[in-house]
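Colleague: Got work_38.cif for you, mmCIF, C-alpha atoms:
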```cif
data_work
#
loop_
_atom_site.label_atom_id
_atom_site.label_comp_id
_atom_site.auth_asym_id
_atom_site.auth_seq_id
_atom_site.Cartn_x
_atom_site.Cartn_y
_atom_site.Cartn_z
CA MET A 6 -67.36 -95.28 6.41
CA THR A 7 -68.36 -98.96 6.51
CA ALA A 8 -64.79 -100.00 5.63
CA LEU A 9 -63.47 -97.78 8.43
CA LEU A 10 -65.86 -99.29 10.96
CA GLU A 11 -64.91 -102.79 9.85
CA ALA A 12 -61.22 -101.91 10.19
CA LEU A 13 -61.78 -100.51 13.70
CA GLN A 14 -63.75 -103.57 14.77
CA GLY A 15 -61.09 -105.86 13.35
CA ALA A 16 -58.18 -104.09 15.03
CA SER A 17 -56.27 -105.81 17.80
CA ALA A 18 -58.07 -105.81 21.14
CA THR A 19 -56.33 -104.33 24.17
CA ASP A 20 -54.58 -106.83 26.45
CA ARG A 21 -56.48 -106.48 29.73
CA GLU A 22 -55.12 -109.53 31.55
CA THR A 23 -51.32 -109.75 31.42
CA TYR A 24 -49.34 -108.08 34.17
CA ARG A 25 -46.21 -110.19 34.59
CA PRO A 26 -43.19 -109.46 32.40
CA GLU A 27 -40.97 -112.10 30.81
CA PHE A 28 -37.26 -112.34 31.65
CA PHE A 29 -34.48 -113.27 29.25
CA ARG A 30 -30.92 -113.89 30.43
CA LEU A 31 -28.39 -114.39 27.65
CA PRO A 32 -26.93 -116.58 26.33
CA MET A 33 -29.13 -119.11 28.19
CA ASP A 34 -32.41 -117.69 26.79
CA LYS A 35 -31.09 -116.84 23.33
CA ASP A 36 -33.52 -119.15 21.49
CA ARG A 37 -36.55 -117.85 23.43
CA MET A 38 -35.59 -114.27 22.73
CA GLU A 39 -35.04 -114.89 19.02
CA ALA A 40 -38.44 -116.59 18.84
CA LEU A 41 -40.07 -113.57 20.47
CA LEU A 42 -38.50 -111.17 17.98
CA LYS A 43 -39.58 -113.35 15.05
CA ARG A 44 -43.20 -113.74 16.10
CA GLU A 45 -43.77 -110.20 17.33
CA PRO A 46 -42.77 -107.41 14.90
CA ARG A 47 -44.06 -104.69 17.24
CA VAL A 48 -41.29 -105.16 19.84
CA ILE A 49 -39.66 -101.87 20.86
CA VAL A 50 -36.13 -102.25 22.27
CA HIS A 51 -34.86 -100.03 25.09
CA ASP A 52 -31.17 -100.56 25.84
CA THR A 53 -29.60 -98.06 28.25
CA LEU A 54 -27.40 -100.59 30.03
CA HIS A 55 -24.25 -98.47 29.70
CA GLY A 56 -25.91 -95.57 31.49
CA GLN A 57 -27.10 -97.92 34.25
CA LEU A 58 -23.55 -99.25 34.59
CA THR A 59 -22.15 -95.76 35.01
CA GLU A 60 -24.70 -95.11 37.76
CA LEU A 61 -23.72 -98.41 39.38
CA VAL A 62 -20.05 -97.44 39.35
CA ARG A 63 -20.86 -94.10 41.01
CA SER A 64 -22.98 -95.90 43.63
CA LEU A 65 -20.15 -98.31 44.41
CA HIS A 66 -17.54 -95.52 44.56
CA PRO A 67 -19.37 -92.40 45.82
CA ALA A 68 -16.20 -90.63 46.96
CA THR A 69 -14.47 -90.94 43.58
CA LYS A 70 -14.73 -88.04 41.14
CA PHE A 71 -14.79 -89.57 37.67
CA SER A 72 -14.31 -87.72 34.41
CA LYS A 73 -16.72 -88.81 31.68
CA ASP A 74 -14.04 -90.93 30.01
CA GLU A 75 -13.00 -92.50 33.32
CA LEU A 76 -16.62 -93.31 34.13
CA ASP A 77 -17.15 -94.90 30.71
CA GLN A 78 -13.99 -96.96 31.16
CA ALA A 79 -14.99 -98.03 34.68
CA ALA A 80 -18.43 -99.07 33.41
CA HIS A 81 -16.84 -101.11 30.63
CA ALA A 82 -14.40 -102.70 33.08
CA HIS A 83 -17.30 -103.71 35.33
CA LEU A 84 -18.49 -106.05 32.58
CA LYS A 85 -15.32 -108.14 33.13
CA GLY A 86 -15.26 -109.25 29.52
CA ILE A 87 -18.93 -110.23 29.33
CA PRO A 88 -20.51 -108.92 26.10
CA SER A 89 -22.82 -106.03 26.94
CA ALA A 90 -25.86 -107.77 25.41
CA GLU A 91 -25.31 -110.73 27.75
CA TYR A 92 -24.94 -108.68 30.93
CA GLY A 93 -27.91 -108.21 33.21
CA VAL A 94 -31.39 -109.18 32.05
CA TRP A 95 -33.79 -108.35 29.24
CA VAL A 96 -37.35 -107.75 30.43
CA TYR A 97 -40.29 -107.97 28.02
CA TYR A 98 -43.62 -106.30 28.78
CA PRO A 99 -46.16 -108.04 26.50
CA TRP A 100 -48.93 -105.47 26.96
CA ASN A 101 -46.88 -102.64 25.41
CA PHE A 102 -44.32 -104.69 23.42
CA ARG A 103 -41.33 -103.11 25.20
CA LEU A 104 -38.13 -105.12 25.59
CA VAL A 105 -35.91 -103.41 28.17
CA HIS A 106 -32.26 -104.17 28.98
CA LEU A 107 -31.61 -103.83 32.72
CA LEU A 108 -29.05 -104.57 35.37
CA ASP A 109 -30.02 -107.78 37.13
CA GLU A 110 -31.89 -107.68 40.40
CA ALA A 111 -29.21 -106.99 43.03
CA GLU A 112 -27.45 -104.26 41.03
CA PHE A 113 -30.75 -102.87 39.74
CA ALA A 114 -32.11 -102.55 43.29
CA MET A 115 -28.90 -100.94 44.53
CA VAL A 116 -28.94 -98.24 41.87
CA ARG A 117 -32.68 -97.65 41.92
CA THR A 118 -32.70 -97.07 45.68
CA ASP A 119 -29.37 -95.23 45.84
CA ARG A 120 -31.04 -91.84 46.29
CA ASN A 121 -33.05 -93.22 49.23
CA ARG A 122 -29.89 -93.19 51.31
CA ASN A 123 -29.61 -92.34 54.10
CA LYS A 124 -33.25 -91.61 54.73
CA ILE A 125 -33.37 -95.35 54.21
CA THR A 126 -30.03 -97.06 54.79
CA ARG A 127 -28.93 -100.06 52.76
CA GLU A 128 -29.42 -102.25 55.82
CA GLU A 129 -32.98 -100.95 56.23
CA GLN A 130 -33.60 -101.39 52.51
CA ALA A 131 -32.66 -105.05 52.87
CA ILE A 132 -35.16 -105.45 55.72
CA LEU A 133 -37.92 -103.80 53.68
CA ALA A 134 -37.21 -106.14 50.77
CA THR A 135 -38.33 -109.08 52.95
CA LYS A 136 -41.76 -107.58 53.71
CA LYS A 137 -45.12 -108.68 52.32
CA VAL A 138 -47.85 -106.06 52.02
CA GLY A 139 -51.49 -106.34 50.99
CA VAL A 140 -53.65 -103.55 49.57
CA ILE A 141 -57.45 -103.77 49.34
CA GLY A 142 -59.02 -101.04 47.17
CA LEU A 143 -57.09 -99.30 44.42
CA SER A 144 -58.02 -95.63 44.37
CA VAL A 145 -56.07 -94.41 47.37
CA GLY A 146 -54.63 -97.92 47.30
CA GLN A 147 -53.02 -97.33 43.92
CA SER A 148 -51.26 -94.24 45.24
CA VAL A 149 -50.11 -96.15 48.33
CA SER A 150 -48.91 -99.10 46.24
CA LEU A 151 -46.89 -96.92 43.87
CA THR A 152 -45.40 -94.89 46.72
CA MET A 153 -44.24 -98.08 48.44
CA ALA A 154 -42.94 -99.46 45.15
CA LEU A 155 -41.00 -96.26 44.47
CA GLU A 156 -39.34 -96.48 47.88
CA ARG A 157 -39.03 -100.29 47.49
CA SER A 158 -40.51 -100.78 50.93
CA PHE A 159 -41.68 -104.32 50.19
CA GLY A 160 -40.56 -107.40 48.34
CA GLU A 161 -44.06 -108.75 47.68
CA ILE A 162 -47.39 -107.00 47.25
CA ARG A 163 -50.89 -108.45 46.97
CA LEU A 164 -53.52 -106.29 45.30
CA ALA A 165 -57.29 -106.74 45.54
CA ASP A 166 -60.05 -104.88 43.70
CA PHE A 167 -62.96 -106.21 41.62
CA ASP A 168 -63.51 -102.98 39.66
CA THR A 169 -62.33 -101.80 36.24
CA LEU A 170 -60.83 -98.41 35.47
CA GLU A 171 -63.46 -95.90 34.34
CA LEU A 172 -63.35 -92.34 33.06
CA SER A 173 -64.62 -90.94 36.37
CA ASN A 174 -61.65 -92.61 38.15
CA LEU A 175 -59.17 -90.47 36.21
CA ASN A 176 -59.63 -87.50 38.53
CA ARG A 177 -57.47 -89.32 41.11
CA ILE A 178 -55.96 -92.53 39.68
CA ARG A 179 -52.68 -92.13 37.83
CA SER A 180 -53.31 -93.73 34.46
CA GLY A 181 -53.97 -92.99 30.81
CA VAL A 182 -57.21 -92.94 28.87
CA HIS A 183 -56.10 -96.03 26.95
CA GLU A 184 -56.32 -98.02 30.21
CA MET A 185 -60.07 -97.57 30.63
CA GLY A 186 -61.77 -100.95 30.88
CA VAL A 187 -58.65 -102.58 32.35
CA PRO A 188 -59.12 -104.09 35.83
CA LYS A 189 -57.69 -101.80 38.49
CA VAL A 190 -55.53 -104.61 39.85
CA ILE A 191 -53.99 -105.15 36.41
CA ASN A 192 -53.46 -101.43 35.93
CA THR A 193 -51.70 -101.06 39.29
CA ALA A 194 -49.69 -104.26 38.91
CA ARG A 195 -48.38 -103.06 35.54
CA GLU A 196 -47.40 -99.70 36.99
CA ILE A 197 -45.38 -101.49 39.68
CA VAL A 198 -43.56 -103.96 37.43
CA GLU A 199 -42.84 -101.32 34.80
CA LEU A 200 -41.07 -99.43 37.59
CA ASP A 201 -39.40 -102.51 39.08
CA PRO A 202 -39.91 -105.90 37.40
CA PHE A 203 -38.25 -107.75 40.29
CA LEU A 204 -40.99 -106.92 42.81
CA MET A 205 -43.40 -109.81 43.29
CA VAL A 206 -47.01 -108.89 42.54
CA THR A 207 -50.05 -111.09 43.13
CA ILE A 208 -53.55 -109.98 42.16
CA TYR A 209 -57.05 -110.76 43.42
CA LYS A 210 -59.10 -109.59 40.45
CA GLU A 211 -62.40 -110.64 42.02
CA GLY A 212 -61.73 -108.42 45.02
CA ILE A 213 -61.92 -109.58 48.62
CA ASP A 214 -64.75 -111.61 50.12
CA ARG A 215 -65.23 -113.87 53.11
CA ASP A 216 -64.10 -116.89 51.10
CA ASN A 217 -60.70 -115.56 50.00
CA ILE A 218 -59.66 -113.13 52.74
CA ASP A 219 -57.65 -115.74 54.66
CA ALA A 220 -55.75 -116.68 51.50
CA PHE A 221 -55.07 -113.01 50.76
CA LEU A 222 -53.65 -112.50 54.25
CA THR A 223 -51.65 -115.72 54.59
CA GLU A 224 -51.15 -117.73 51.38
CA GLY A 225 -47.49 -117.71 50.45
CA GLY A 226 -46.60 -116.29 53.86
CA LYS A 227 -48.48 -114.04 56.26
CA LEU A 228 -48.72 -110.36 55.34
CA ASP A 229 -46.66 -107.92 57.38
CA VAL A 230 -49.31 -105.23 56.94
CA LEU A 231 -52.80 -104.86 55.51
CA ILE A 232 -53.58 -101.53 53.87
CA GLU A 233 -57.33 -101.23 53.67
CA GLU A 234 -58.69 -98.63 51.22
CA CYS A 235 -61.93 -100.16 49.95
CA ASP A 236 -65.38 -98.54 49.77
CA SER A 237 -67.26 -101.52 51.15
CA VAL A 238 -68.11 -101.18 54.85
CA ASP A 239 -68.61 -104.92 55.32
CA VAL A 240 -65.20 -105.67 53.76
CA LYS A 241 -63.61 -103.03 56.00
CA ILE A 242 -64.98 -104.83 59.03
CA PHE A 243 -64.44 -108.50 58.19
CA ALA A 244 -60.96 -107.75 56.76
CA ARG A 245 -60.05 -106.27 60.14
CA GLN A 246 -61.57 -109.21 61.96
CA CYS A 247 -59.33 -111.56 59.98
CA ALA A 248 -56.27 -109.30 60.30
CA LYS A 249 -56.82 -109.28 64.05
CA LYS A 250 -57.08 -113.09 64.06
CA PHE A 251 -53.70 -113.35 62.30
CA LYS A 252 -52.15 -110.45 64.27
CA ILE A 253 -51.54 -108.32 61.17
CA PRO A 254 -51.42 -104.52 61.56
CA VAL A 255 -53.88 -102.45 59.50
CA ILE A 256 -53.38 -98.97 58.03
CA MET A 257 -56.12 -96.88 56.41
CA ASP A 258 -56.20 -93.42 54.83
CA THR A 259 -59.59 -91.74 54.44
CA SER A 260 -58.48 -89.02 51.94
CA ASP A 261 -60.31 -86.33 53.92
CA ARG A 262 -58.22 -83.97 56.02
CA GLY A 263 -55.32 -86.40 55.70
CA LEU A 264 -56.87 -88.84 58.18
CA VAL A 265 -54.77 -91.97 58.81
CA ASP A 266 -55.65 -94.85 61.12
CA VAL A 267 -53.16 -97.42 62.41
CA GLU A 268 -54.33 -100.54 64.23
CA ARG A 269 -51.46 -102.61 65.62
CA PHE A 270 -53.18 -105.97 66.01
CA ASP A 271 -49.68 -107.48 65.97
CA LEU A 272 -48.82 -105.65 69.21
CA GLU A 273 -52.34 -105.40 70.65
CA PRO A 274 -54.18 -108.63 69.75
CA ASP A 275 -57.20 -107.68 71.88
CA ARG A 276 -57.56 -104.20 70.43
CA PRO A 277 -61.17 -103.41 69.35
CA LEU A 278 -61.77 -102.86 65.64
CA LEU A 279 -61.45 -99.27 64.42
CA HIS A 280 -60.44 -98.08 67.89
CA GLY A 281 -63.79 -99.30 69.28
CA LEU A 282 -65.76 -96.71 67.32
CA ILE A 283 -68.27 -99.20 65.85
CA GLU A 284 -68.81 -101.48 68.83
CA ASP A 285 -72.34 -100.21 69.57
CA LEU A 286 -73.59 -100.68 65.97
CA PRO A 287 -75.62 -103.71 64.80
CA PRO A 288 -73.77 -106.62 63.16
CA VAL A 289 -72.93 -106.29 59.48
CA PRO A 290 -75.17 -108.55 57.32
CA GLU A 291 -73.20 -111.50 55.96
CA ASP A 292 -75.67 -112.68 53.31
CA ARG A 293 -75.88 -109.52 51.16
CA PRO A 294 -74.17 -106.19 50.44
CA MET A 295 -75.09 -103.29 52.70
CA THR A 296 -77.37 -100.56 51.38
CA ASN A 297 -76.23 -96.92 51.43
CA GLU A 298 -78.65 -96.29 54.28
CA GLU A 299 -77.08 -99.11 56.29
CA LYS A 300 -73.56 -97.89 55.52
CA LEU A 301 -74.02 -94.30 56.70
CA PRO A 302 -74.09 -94.97 60.48
CA PHE A 303 -70.93 -97.07 60.16
CA LEU A 304 -69.17 -94.47 58.02
CA ALA A 305 -70.23 -91.68 60.33
CA GLN A 306 -68.74 -93.43 63.36
CA MET A 307 -65.68 -94.77 61.54
CA VAL A 308 -64.50 -91.36 60.36
CA GLY A 309 -66.30 -89.18 62.93
CA MET A 310 -68.85 -86.70 61.61
CA ASP A 311 -67.46 -83.97 63.87
CA THR A 312 -64.01 -84.30 62.34
CA LEU A 313 -64.95 -84.46 58.65
CA SER A 314 -64.10 -81.52 56.43
CA HIS A 315 -67.02 -79.16 55.86
CA ARG A 316 -67.29 -80.16 52.19
CA MET A 317 -67.24 -83.88 52.91
CA LYS A 318 -69.83 -83.48 55.67
CA ALA A 319 -72.10 -81.59 53.28
CA SER A 320 -71.59 -84.28 50.61
CA LEU A 321 -72.68 -87.33 52.62
CA PRO A 322 -76.43 -86.54 52.63
CA GLU A 323 -76.22 -86.01 48.85
CA LEU A 324 -75.00 -89.56 48.10
CA GLY A 325 -77.29 -91.09 45.49
CA LYS A 326 -79.07 -87.77 45.04
CA SER A 327 -76.95 -84.99 43.57
CA ILE A 328 -73.70 -87.02 43.56
CA VAL A 329 -73.03 -90.68 42.75
CA THR A 330 -70.59 -91.40 45.58
CA TRP A 331 -68.39 -89.62 48.11
CA PRO A 332 -65.93 -87.18 46.55
CA GLN A 333 -62.18 -87.75 46.35
CA LEU A 334 -59.53 -85.42 44.98
CA ALA A 335 -56.16 -86.34 43.49
CA SER A 336 -54.40 -84.12 46.03
CA GLY A 337 -56.01 -86.04 48.91
CA VAL A 338 -55.36 -89.42 47.31
CA VAL A 339 -51.70 -88.63 46.58
CA LEU A 340 -51.28 -87.27 50.11
CA GLY A 341 -52.80 -90.50 51.41
CA GLY A 342 -50.25 -92.48 49.43
CA ALA A 343 -47.45 -90.52 51.05
CA LEU A 344 -48.89 -90.75 54.57
CA VAL A 345 -49.61 -94.48 54.46
CA GLY A 346 -46.34 -95.25 52.69
CA ASP A 347 -44.42 -93.38 55.36
CA ALA A 348 -46.38 -94.97 58.22
CA TRP A 349 -45.76 -98.44 56.81
CA LYS A 350 -42.04 -97.83 56.36
CA ARG A 351 -41.71 -96.76 60.01
CA ILE A 352 -43.78 -99.70 61.24
CA ALA A 353 -41.60 -102.09 59.23
CA LEU A 354 -38.45 -100.57 60.71
CA ASN A 355 -39.80 -100.55 64.29
CA GLU A 356 -40.03 -96.77 64.44
CA LEU A 357 -43.82 -96.51 64.88
CA ASN A 358 -44.92 -98.95 67.54
CA CYS A 359 -48.38 -97.72 68.43
CA SER A 360 -51.96 -97.61 67.22
CA GLY A 361 -53.78 -94.35 66.72
CA ARG A 362 -55.50 -91.80 64.52
CA TRP A 363 -53.76 -88.81 62.96
CA TRP A 364 -54.77 -85.89 60.73
CA THR A 365 -52.53 -84.06 58.28
CA ASP A 366 -55.01 -81.30 57.44
CA LEU A 367 -53.50 -79.08 54.75
CA ASP A 368 -56.30 -76.52 55.15
CA VAL A 369 -55.06 -76.01 58.69
CA GLN A 370 -51.34 -76.46 58.22
CA ILE A 371 -51.02 -74.28 55.11
CA SER A 372 -53.18 -71.23 55.80
CA PRO A 373 -52.81 -67.51 56.45
CA VAL A 374 -53.03 -68.21 60.19
CA THR A 375 -50.07 -70.60 60.24
CA ALA A 376 -47.87 -68.77 57.71
CA LEU A 377 -44.43 -67.68 58.93
CA GLU A 378 -41.76 -65.59 57.29
CA PRO A 379 -38.84 -67.88 56.30
CA SER A 380 -36.41 -66.18 58.69
CA LYS A 381 -38.72 -66.74 61.66
CA ALA A 382 -39.49 -70.29 60.55
CA VAL A 383 -35.79 -71.15 60.49
CA LYS A 384 -35.22 -69.49 63.87
CA ASP A 385 -38.09 -71.44 65.46
CA ARG A 386 -37.18 -74.64 63.55
CA THR A 387 -40.86 -74.75 62.49
CA LEU A 388 -39.99 -75.82 58.96
CA GLU A 389 -38.03 -78.78 60.27
CA ILE A 390 -40.87 -79.87 62.53
#
```
Can you dump the structure from the file as structure tokens?
Modeller:
Amino acid sequence: MTALLEALQGASATDRETYRPEFFRLPMDKDRMEALLKREPRVIVHDTLHGQLTELVRSLHPATKFSKDELDQAAHAHLKGIPSAEYGVWVYYPWNFRLVHLLDEAEFAMVRTDRNRNKITREEQAILATKKVGVIGLSVGQSVSLTMALERSFGEIRLADFDTLELSNLNRIRSGVHEMGVPKVINTAREIVELDPFLMVTIYKEGIDRDNIDAFLTEGGKLDVLIEECDSVDVKIFARQCAKKFKIPVIMDTSDRGLVDVERFDLEPDRPLLHGLIEDLPPVPEDRPMTNEEKLPFLAQMVGMDTLSHRMKASLPELGKSIVTWPQLASGVVLGGALVGDAWKRIALNELNCSGRWWTDLDVQISPVTALEPSKAVKDRTLEI
């Protein structure tokens, strides 16, 4: 048993820091790639370039009906004599030793977003690729970040969270047990670049405070939107104060009854924070974190006690007594990712030009009271609405 324990203790430690992949374009980076393969015997190669090329050909010629042989020939012709190994880019993910052969950025993005059309047109996709988004808090924030990455509704994302992934997070955060102990920002950044290595990701591993909030919002170019999903009441407030100063819109999901808030400080620079709901409360202390007792009045007015779900309302008095913190479910967090991702996309494309508060309450919308037979639903166009 001692030998086993010594072997376990001497095993390689998990990489908990790296989140940016390495790029190799051949033949220019031939020496670097050979050096990688020599020094790292654990590299796993994934080369599906031919399949990606066939998808690219279909995207470029959607009206053409190819036979399998014709599609293979068209994919080969697209190389224009370039050896397959030298086409596109090889992307290495050091934390899992995967070396992946991909189309390069423009073709990769075209194929990966091809099924977005025409819910998102190619012209709209190009607009979205210029956008910079920031996400504070990576529970709901992770779901929002991945939803936006899937739709490619940004070109750059900044992530902020000081916390590490714990077992109790795995009821709502999409990850594996092997990621426990990894900073949430690293975990989310890796998820994004494993999906799309060409998206620019910047992390704030220490979280957001009064000293770095301006840099988070503006360094490298001003954010186009701030998505605020943190647990800290004081951060919620001073992040909005700074977003208002820089005229950056803010979106927040509360993961209870599908509540989403949009504050268009870009269109309404004098708009009160959180729709004016907290104006009559005392100032937030700047020299220390707020206690749970101090947070409750703010939380109650931010989300509205009268509009909380019955179970959430019953949970708040139990904080620090029978439960550690407020409850969140994966279904609510994933719904929040969809709602915020959709709201952001429409803001970015000038389709949602207002502030407000909205609920998407599944308990109300999917219930015996609201159920319709399919034939009646189609006749009334209820399903479409």
Colleague: Could you please determine the separation between atom CA of A:Leu84 and atom CA of A:Leu54 in Å, to one decimal place?
Modeller: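 According to the coordinates, atom CA of A:Leu84 and atom CA of A:Leu54 are separated by 10.8 Å.
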Colleague: Mind checking which residues fall within 9 Å of stretch 219-221 of chain A, counting all atoms listed in the file, ignoring those fewer than 2 positions away in the same chain, and posting them as a list in words?
Modeller: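 Near neighbours after the sequence-gap exclusion: Gly139, Arg163, Leu164, Ala165, Tyr209, Ile213, Arg215, Asp216, Asn217, Thr223, Glu224, Gly225, Lys227, Leu228, Ala244, Cys247, Ala248 and Phe251 of chain A.
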Colleague: Can you work out the spacing between atom CA of A:Lys250 and atom CA of A:Gly342 in Å, to one decimal?
Modeller: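 Atom CA of A:Gly342 lies at a distance of 26.2 Å from atom CA of A:Lys250.
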Colleague: If the PyMOL selection byres ((chain A and resi 339) around 12) is run on the structure shown, which residues does it catch, given as a count of residues only?
Modeller: 31
Colleague: Under the rule that all atoms listed in the file are counted, which of A:Asp34, A:Glu291, A:Asp109, A:Asp166 is the nearest residue to A:Val190?
Modeller: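 Of the candidates, the smallest distance to A:Val190 is held by A:Asp166.
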Colleague: Quick one: distance from atom CA of A:Met205 to atom CA of A:Glu161 in Å, one decimal?
Modeller: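 Spanning atom CA of A:Met205 to atom CA of A:Glu161 is a straight-line distance of 4.6 Å.
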Colleague: Ranking A:Thr169, A:Asp119, A:Thr365, A:Glu110 by minimum distance to A:His66 and counting only C-alpha atoms, which one comes first?
Modeller: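 Counting only C-alpha atoms, the residue closest to A:His66 is A:Asp119.
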Colleague: Select, from A:Arg103, A:Phe167, A:Ala16, A:Gly93, the residue with the minimum atom-to-atom distance to A:Val50, counting all atoms listed in the file.
Modeller: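 The answer is A:Arg103, which sits nearest to A:Val50.
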Colleague: Assuming the chain letters and numbering stay as they are in my file, what does the PyMOL selection byres ((chain A and resi 56-60) around 12) actually select? List them as a VMD selection string.
Modeller: chain A and resid 51 to 55 61 to 67 71 to 84 89 92 to 93 106 to 109 112 to 120
Colleague: Using only C-alpha atoms, which of A:Lys124, A:Lys300, A:His280, A:Lys189 sits nearest A:Glu211?
Modeller: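 Ranking A:Lys124, A:Lys300, A:His280, A:Lys189 by distance to A:Glu211, first place goes to A:Lys189.
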Colleague: Taking all atoms listed in the file into account, which of A:Ala319, A:Ala131, A:Ala90, A:Val255 comes nearest A:Asp229?
Modeller: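 Checking each candidate against A:Asp229, we get A:Val255 as the closest.
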Colleague: Let me know the residues the PyMOL selection byres ((chain A and resi 268) around 7) catches in the file above, as a PyMOL selection string.
Modeller: chain A and resi 254-256+266-267+269-270+360-361
Colleague: The selected residues should be written to file as a short mmCIF file (atom, residue, chain, number, x, y, z; two decimals), in the coordinates of the input (atoms: C-alpha atoms).
Modeller:
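Okay, out-v3.cif is ready:
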```
data_model
loop_
_atom_site.label_atom_id
_atom_site.label_comp_id
_atom_site.auth_asym_id
_atom_site.auth_seq_id
_atom_site.Cartn_x
_atom_site.Cartn_y
_atom_site.Cartn_z
CA PRO A 254 -51.42 -104.52 61.56
CA VAL A 255 -53.88 -102.45 59.50
CA ILE A 256 -53.38 -98.97 58.03
CA ASP A 266 -55.65 -94.85 61.12
CA VAL A 267 -53.16 -97.42 62.41
CA ARG A 269 -51.46 -102.61 65.62
CA PHE A 270 -53.18 -105.97 66.01
CA SER A 360 -51.96 -97.61 67.22
CA GLY A 361 -53.78 -94.35 66.72
#
```
Colleague: For A:Pro302, please output as an MDAnalysis selection string all residues within 12 Å (counting only C-alpha atoms; exclusion window: fewer than 6 positions along the same chain).
Modeller: chainID A and resid 238 282:289 295:296 308:310 321:322
Colleague: List the spatial neighbours of A:Ser158 as a PyMOL selection string - criterion: any atom at most 7 Å away, all atoms listed in the file, same-chain residues fewer than 4 positions off excluded.
Modeller: chain A and resi 133-134+153-154+350
Colleague: Can those selected residues be exported to a file as a PDB file, keeping the file's coordinate frame so that it contains C-alpha atoms?
Modeller:
```pdb
ATOM      1  CA  LEU A 133     -37.920-103.800  53.680  1.00  0.00           C
ATOM      2  CA  ALA A 134     -37.210-106.140  50.770  1.00  0.00           C
ATOM      3  CA  MET A 153     -44.240 -98.080  48.440  1.00  0.00           C
ATOM      4  CA  ALA A 154     -42.940 -99.460  45.150  1.00  0.00           C
ATOM      5  CA  LYS A 350     -42.040 -97.830  56.360  1.00  0.00           C
TER       6      LYS A 350
END
```
Colleague: Excluding same-chain residues fewer than 6 positions from A:Gln246, what lies within 10 Å of it counting all atoms listed in the file, as a PyMOL selection string?
Modeller: chain A and resi 240+252+270+277-278
Colleague: Out of A:Arg47, A:Arg276, A:Arg351, A:Arg262, which residue has the shortest atom-to-atom distance to A:Arg316 when counting all atoms listed in the file?
Modeller: A:Arg262
